[in-house]
Amino acid sequence: MAPSPATLQGTCKLRAEPAPSDELFDWIAGEYAALAAEYGPRNVLVLKRHPAGLERLADALADAGTTEGTPQSPRVESLPEHASKVLEALDPTLDRLEYEERIELISLVIDGASREVPPYLERAADHESFARDVGQLLLEATRQRLRLADVEGEDPHDCLAFLYAMNDRFHAELEDRGYVERADVIPRTVDALEANTEDLRTRIGESIDAVLAVEFEEYRRLDRRYLAALTADADLVCLGERHASVERTRIESGSIEDHVGDGLEIEILESDENGSETAASPHRSVTRLLATGETPRTAGGAPRTTGGAPRAIDGPSTIGGSTAGYARRIRTRTAREQVRSVATEIQALRDRNDWSYDAVAVAVPRIERVPETRTQLREAGIPTATIGTPSLAEDPAVNELYAFVTLQCARDRDGDDRIDAALAGDRGSPDRDADDPETVALERLRARVDDFSPALLADCAGASVSRSLERWIRRTDLKGRIAREEDWIDAREGYAGVRRVLEIARFVEETDLVGPDWGGLRRMLRRTIQYDAPYVHAVETQPPTGGVTVCAVDDLKYDSREAVFLLDLIDDTYPGEQFLTQLFPTAWLREMDCYPAVTDPDVEDVTATFATVDADGVGDPFETYHAQRSRRRLALGARAARSRLYCCSYERGAGGLRRTYDESRYLQELEATPGLELRAVDADTAAAIHGESNALEALLAQPRGELERILREASTGGEADLGATEELFEEIAVVLAEGDVDDELAEAVRSQFEFAAGEVIRDD
């Protein structure tokens with residue numbers, strides 16, 4: 001008989017509202033210092049729910065633990081990391097399944113399924129995001145330990161029943177092979193701790209006298225069970241924030257205190273207990289409105305919440321009609337112009353305040369937007385710090401290695417004759433066209449490797465696919481080419497891609513999932529490249545070289561920067577229309593009680609979880625619930641800004657000659673709230689122009705801009721200084737005529753005069 005789960009015993013302190021990150025860290029550091037003084041720093045374990053922000057937390061606690069001039073080294077770990085170490089202590093022989101291995105194994109399980117595949121899933125499999133969406137659903141089911149047997153009594157949807165059955169079979173296969181999936185680490189460790197298997201709980205607990213659980217508002221059901229089992233003989237202090245849970249509320253409605261049981265003493269810390277607000281940032285009221293619905297005190301009225309109940313608040317207040325708080329707004333025509341305007345403002349901040357680039361963060365709604373945004377900023381002359389693993393399909397070095405593997409497969413099958421014929425210009429057969437995989441691979445290698453030849457392919461081939469790849473990398477100087485041809489950030493990511501391909505090759509030689517040959521490697525590489533997503537692996541946002549951090553808005557929860565730019569504040573993004581998954585229609589999700597997320601909340605669930613709505617304001621409970629999670633993400637991103645907060649949006653086409661700003665409803669609410677202000681950023685900033693891209697665009701904008709200025713003056717009866725305009729145009733003409741200017745650029749500048757004169761009409 002399985003042991004009954006332990007219950008949480010200890011103290012839980014919850015801040016009444018999200019506060020600036022610096023203040024939050026001061027509070028956590030104070031609580032840690034008290035525990036370290038009582039039990040000793042090495043006997044206090046600090047657990048944070050998510051890895052993001054872990055280094056900064058460790059630094060803050062190290063400063064707090066300094067005694068008599070000697071800094072202490074706090075034991076700070078994320079909960080998944082600690083659970084992994086505990087599981088390894090139980091069974092050191094377990095292998096954690098890597099991302100690429102998971103893709104291959106689960107595809108084999110689905111291919112060999114004995115259950116009939118539901119027709120909807122067969123049709124959905126043609127969509128590009130299908131594999132990723134299914135993978136995310138199964139990961140979440142694993143994290144929550146949801147098996148088919150657990151949900152069969154609830155008459156699950158046919159598609160969910162099939163996917164849960166595949167997940168059960170997948171994990172049975174893992175167990176047979178001695179693997180453990182990352183998502184299954186916490187569930188398996190919980191079982192081992194609660195059963196005290198091989199005295200595991202006793203052994204782990206010998207060095208722990210106290211546990212400080214940080215970011216407690218995000219601890220989910222199994223996380224809390226893990227914490228309870230771990231602290232059966234230790235002092236437990238939990239620290240969290242109300243109105244700050246985004247991940248937990250995805251699968252569990254209500255506030256955190258509704259789920260912890262009677263053994264945890266709850267203490268709510270109101271604002272005056274949270275620390276001094278004398279130096280509160282001008283946008284703290286913005287964060288408060290987004291997180292709690294509380295509006296600032298207006299000149300002639302009382303403070304209120306979104307639900308209409310008055311409540312006094314602290315922070316900057318309105319005196320004599322002045323605003324209690326404000327943020328800055330950037331509005332542009334297109335998403336690309338939005339990033340360009342952000343780049344210009346970053347340079348202006350550096351010119352005015354002498355800030356370093358790493359004092360700035362640019363937050364995008366989702367991780368897939370990071371590579372594109374980072375590239376556009378760098379094109380505008382802004383160095384960026386974010387380093388990660390982009391999609392393998394977008395990595396030139398990975399594509400080169402895949403081409404090498406493809407041609408080795410062709411050599412095994414047909415010998416060198418067809419490759420020789422293709423290089424000589426003879427395709428060999430009428431069905432061998434430009435889209436043929438071998439042809440594509442040949443053209444890619446010929447373009448990237450100067451001395452490419454069939455002999456080089458043959459010289460690099462050997463019995464071991466991993467050693468053959470290493471030989472190709474050395475013979476063609478692939479890493480050297482990456483270093484010479486790419487910027488340092490792209491080079492580091494290129495090296496990471498090469499490393500991943502080599503790891504896959506070594507895995508192919510060790511596993512029985514695929515053959516240990518070129519065909520097996522090509523199959524696994526093809527699946528991995530097809531299903532891979534940008535930055536699904538580690539993302540480093542603060543490398544030693546510095547630069548602007550580009551990250552998903554969720555990563556700012558435990559971060560703090562002088563300036564934060566929140567991008568894409570349009571209604572299609574915040575809150576958006578597609579919640580939880582693209583795999584199923586929203587109407588289906590509402591009926592899927594067994595889906596591993598909140599899919600059928602009622603009005604009471606919504607109001608119990610979010611203070612930003614009242615019962616009368618709830619239309620569709622499902623949409624309202626998940627829209628409020630999106631609003632909360634914005635609030636946590638906003639609170640990371642110490643000095644300046646920028647809300648950035650761009651135009652949406654209105655289907656005609658007119659353009660409209662389809663701004664986020666939350667941005668509109670900020671603008672309409674008395675006591676809050678959105679201050680427009682002047683596009684004509686005095687900051688210096690940096691970067692070739694910005695310089696070219698500034699040059700192209702001058703002719704049209706000058707002519708439009710003159711027309712505006714004429715239409716309003718004003719006087720325009722034509723002398724300055726003529727001087728500018730003469731300088732441009734001289735440069736075009738006598739300077740070393742590219743012909744295409746010169747033609748582009750001339751076209752701007754045609755646009756401005758009305759000779760050419762742009763079709764927007």
# chains A, B, ... in the order shown; residues from 1 in each chain; ligands from 1
>>> closest_atom_pairs(of="region 63-137 of chain A", to="region 576-595 of chain A", cutoff="10 Å", atoms="only C-alpha atoms", output="Markdown table")
| residue | atom | partner | partner_atom | distance |
| --- | --- | --- | --- | --- |
| A:Tyr120 | CA | A:Phe584 | CA | 9.3 |
| A:Leu121 | CA | A:Leu583 | CA | 8.8 |
| A:Ala124 | CA | A:Leu583 | CA | 7.6 |
| A:Ala125 | CA | A:Leu583 | CA | 9.6 |
| A:His127 | CA | A:Leu583 | CA | 9.4 |
| A:Ser129 | CA | A:Gln582 | CA | 8.0 |
| A:Phe130 | CA | A:Leu583 | CA | 6.7 |
| A:Ala131 | CA | A:Leu583 | CA | 9.4 |
| A:Arg132 | CA | A:Leu583 | CA | 9.3 |
| A:Asp133 | CA | A:Leu583 | CA | 5.9 |
| A:Val134 | CA | A:Leu583 | CA | 7.2 |
| A:Gln136 | CA | A:Thr581 | CA | 8.6 |
| A:Leu137 | CA | A:Thr581 | CA | 8.2 |
>>> write_last_selection(atoms="C-alpha atoms", output="CSV table (one decimal), in the first residue's frame")
chain,number,residue,atom,x,y,z
A,120,TYR,CA,-8.7,14.3,-36.3
A,121,LEU,CA,-5.2,13.5,-35.2
A,124,ALA,CA,-3.8,17.4,-37.7
A,125,ALA,CA,-0.5,15.6,-38.2
A,127,HIS,CA,0.4,20.8,-39.7
A,129,SER,CA,3.3,22.5,-35.3
A,130,PHE,CA,1.6,19.2,-34.7
A,131,ALA,CA,4.6,17.3,-33.2
A,132,ARG,CA,5.6,20.2,-30.9
A,133,ASP,CA,2.0,20.6,-29.7
A,134,VAL,CA,1.6,16.9,-29.0
A,136,GLN,CA,4.0,19.8,-25.0
A,137,LEU,CA,0.7,18.1,-24.1
>>> select_by_dssp(residues="region 86-193 of chain A", states="strand (DSSP E or B)", output="list in words")
Asp95, Arg96, Tyr179 and Val180 of chain A
>>> residues_around(residues="region 20-25 of chain A", least_positions_apart="5", cutoff="10 Å", atoms="only C-alpha atoms", output="ChimeraX atom specification")
/A:15,30-31,56-57,59-61,240-241,274-277,280-281,283-284,287,556-561,636,638-642
>>> write_last_selection(atoms="C-alpha atoms", output="compact mmCIF listing (two decimals), in the first residue's frame")
# COMPACT_ATOMS: atom_id res chain seq x y z
CA ARG A 15 3.37 39.56 -0.21
CA GLY A 30 16.41 39.10 4.98
CA GLU A 31 14.46 35.88 5.51
CA ARG A 56 20.78 36.67 -9.32
CA LEU A 57 19.00 35.12 -6.35
CA ASP A 59 24.18 36.57 -5.53
CA ALA A 60 21.63 38.40 -3.37
CA LEU A 61 21.66 35.67 -0.74
CA GLY A 240 5.62 33.96 -2.35
CA GLU A 241 3.60 36.72 -3.91
CA ASN A 274 6.96 44.87 2.53
CA GLY A 275 9.60 47.53 2.86
CA SER A 276 10.07 51.21 2.15
CA GLU A 277 8.48 52.73 -0.93
CA ALA A 280 9.18 53.76 -5.67
CA SER A 281 9.54 53.75 -9.44
CA HIS A 283 5.62 52.81 -13.02
CA ARG A 284 4.88 50.90 -9.82
CA THR A 287 2.43 47.13 -12.26
CA LEU A 556 11.85 38.80 -16.33
CA LYS A 557 9.94 37.67 -13.26
CA TYR A 558 13.09 37.49 -11.12
CA ASP A 559 15.08 40.08 -13.02
CA SER A 560 15.70 43.81 -12.73
CA ARG A 561 16.96 46.30 -15.34
CA LEU A 636 5.57 40.85 -13.92
CA ALA A 638 6.68 45.68 -16.04
CA ARG A 639 7.92 45.34 -12.47
CA ALA A 640 11.41 44.38 -13.71
CA ALA A 641 12.01 47.98 -14.86
CA ARG A 642 13.78 50.16 -12.29
>>> residues_around(residues="Ala343 (chain A)", least_positions_apart="5", cutoff="8 Å", atoms="only C-alpha atoms", output="count of residues only")
4
>>> atom_distance(atom1="CA of Glu217 (chain A)", atom2="CA of Glu55 (chain A)")
19.7 Å
>>> atom_distance(atom1="CA of Ala291 (chain A)", atom2="CA of Ala615 (chain A)")
17.3 Å
>>> residues_around(residues="region 444-461 of chain A", least_positions_apart="3", cutoff="6 Å", atoms="only C-alpha atoms", output="mmCIF file with N, CA and C atoms, in the first residue's frame")
data_model
loop_
_atom_site.group_PDB
_atom_site.id
_atom_site.type_symbol
_atom_site.label_atom_id
_atom_site.label_comp_id
_atom_site.auth_asym_id
_atom_site.auth_seq_id
_atom_site.Cartn_x
_atom_site.Cartn_y
_atom_site.Cartn_z
ATOM 1 N N ALA A 441 21.895 18.694 -51.264
ATOM 2 C CA ALA A 441 23.064 18.507 -50.397
ATOM 3 C C ALA A 441 24.352 18.856 -51.132
ATOM 4 N N SER A 468 33.402 10.013 -38.244
ATOM 5 C CA SER A 468 33.397 10.536 -39.613
ATOM 6 C C SER A 468 32.983 12.007 -39.616
ATOM 7 N N ARG A 471 35.825 14.024 -38.425
ATOM 8 C CA ARG A 471 36.859 14.140 -39.453
ATOM 9 C C ARG A 471 36.475 15.224 -40.470
ATOM 10 N N TRP A 472 35.193 15.252 -40.854
ATOM 11 C CA TRP A 472 34.733 16.302 -41.778
ATOM 12 C C TRP A 472 34.916 17.685 -41.162
#
>>> residues_around(residues="Ala597 (chain A)", least_positions_apart="3", cutoff="8 Å", atoms="only C-alpha atoms", output="PDB file with C-alpha atoms, in the first residue's frame")
ATOM      1  CA  ARG A 250      -2.348  27.327 -16.008  1.00  0.00           C
ATOM      2  CA  ILE A 251      -3.252  23.996 -14.418  1.00  0.00           C
ATOM      3  CA  GLU A 252      -4.713  24.979 -11.047  1.00  0.00           C
ATOM      4  CA  LEU A 580      -3.136  26.618 -24.033  1.00  0.00           C
TER       5      LEU A 580
END
>>> closest_residue(among="A:Pro41, A:Tyr164, A:Asp414, A:Asp490", to="Ala149 (chain A)", atoms="only C-alpha atoms")
A:Tyr164
>>> residues_around(residues="region 522-527 of chain A", least_positions_apart="5", cutoff="12 Å", atoms="only C-alpha atoms", output="NGL selection string")
:A and (99-108 or 131-132 or 392-393 or 398-399 or 401-410 or 437 or 465 or 497-498 or 500-509 or 511 or 513-517 or 532-533)
>>> closest_atom_pairs(of="region 556-606 of chain A", to="region 351-362 of chain A", cutoff="8 Å", atoms="only C-alpha atoms", output="Markdown table")
| residue | atom | partner | partner_atom | distance |
| --- | --- | --- | --- | --- |
| A:Arg561 | CA | A:Ala359 | CA | 5.2 |
| A:Glu562 | CA | A:Ala359 | CA | 5.3 |
| A:Ala563 | CA | A:Val360 | CA | 4.9 |
| A:Val564 | CA | A:Ala361 | CA | 4.9 |
| A:Phe565 | CA | A:Val362 | CA | 4.7 |
| A:Leu566 | CA | A:Val362 | CA | 6.3 |
| A:Leu567 | CA | A:Val362 | CA | 7.2 |
>>> atom_distance(atom1="CA of Ala348 (chain A)", atom2="CA of Thr375 (chain A)")
19.7 Å
>>> select_by_dssp(residues="region 547-670 of chain A", states="helix (DSSP H, G or I)", output="PyMOL selection string")
chain A and resi 553-556+572-576+586-589+603-609+615-617+621-638+665-670
>>> decode(residues="region 458-479 of chain A", atoms="N, CA and C atoms", output="compact mmCIF listing (two decimals), in the first residue's frame")
# COMPACT_ATOMS: atom_id res chain seq x y z
N ALA A 458 34.72 10.68 -49.50
CA ALA A 458 35.22 9.33 -49.28
C ALA A 458 36.29 9.30 -48.19
N ASP A 459 37.16 10.30 -48.18
CA ASP A 459 38.23 10.34 -47.18
C ASP A 459 37.67 10.49 -45.76
N CYS A 460 36.52 11.19 -45.64
CA CYS A 460 35.96 11.43 -44.29
C CYS A 460 35.09 10.28 -43.81
N ALA A 461 34.68 9.40 -44.70
CA ALA A 461 33.78 8.31 -44.33
C ALA A 461 34.54 7.22 -43.59
N GLY A 462 33.89 6.63 -42.60
CA GLY A 462 34.49 5.54 -41.83
C GLY A 462 33.42 4.68 -41.21
N ALA A 463 33.84 3.72 -40.42
CA ALA A 463 32.88 2.81 -39.80
C ALA A 463 32.05 3.50 -38.74
N SER A 464 32.60 4.51 -38.09
CA SER A 464 31.89 5.22 -37.03
C SER A 464 31.33 6.52 -37.60
N VAL A 465 30.01 6.73 -37.48
CA VAL A 465 29.41 7.95 -38.01
C VAL A 465 29.85 9.17 -37.22
N SER A 466 30.04 9.04 -35.91
CA SER A 466 30.44 10.20 -35.11
C SER A 466 31.88 10.60 -35.43
N ARG A 467 32.77 9.61 -35.58
CA ARG A 467 34.17 9.94 -35.92
C ARG A 467 34.28 10.47 -37.35
N SER A 468 33.40 10.01 -38.24
CA SER A 468 33.40 10.54 -39.61
C SER A 468 32.98 12.01 -39.62
N LEU A 469 31.98 12.34 -38.82
CA LEU A 469 31.57 13.74 -38.70
C LEU A 469 32.70 14.59 -38.14
N GLU A 470 33.38 14.09 -37.12
CA GLU A 470 34.49 14.84 -36.53
C GLU A 470 35.60 15.04 -37.57
N ARG A 471 35.83 14.02 -38.43
CA ARG A 471 36.86 14.14 -39.45
C ARG A 471 36.48 15.22 -40.47
N TRP A 472 35.19 15.25 -40.85
CA TRP A 472 34.73 16.30 -41.78
C TRP A 472 34.92 17.69 -41.16
N ILE A 473 34.58 17.83 -39.89
CA ILE A 473 34.70 19.12 -39.21
C ILE A 473 36.15 19.60 -39.21
N ARG A 474 37.08 18.66 -38.98
CA ARG A 474 38.50 19.04 -38.97
C ARG A 474 39.01 19.32 -40.38
N ARG A 475 38.69 18.43 -41.34
CA ARG A 475 39.24 18.56 -42.69
C ARG A 475 38.74 19.83 -43.38
N THR A 476 37.51 20.21 -43.13
CA THR A 476 36.94 21.40 -43.79
C THR A 476 37.05 22.64 -42.92
N ASP A 477 37.66 22.51 -41.75
CA ASP A 477 37.82 23.65 -40.83
C ASP A 477 36.48 24.32 -40.56
N LEU A 478 35.47 23.52 -40.25
CA LEU A 478 34.12 24.05 -40.04
C LEU A 478 34.09 25.05 -38.90
N LYS A 479 34.70 24.71 -37.78
CA LYS A 479 34.67 25.63 -36.64
C LYS A 479 35.43 26.92 -36.95
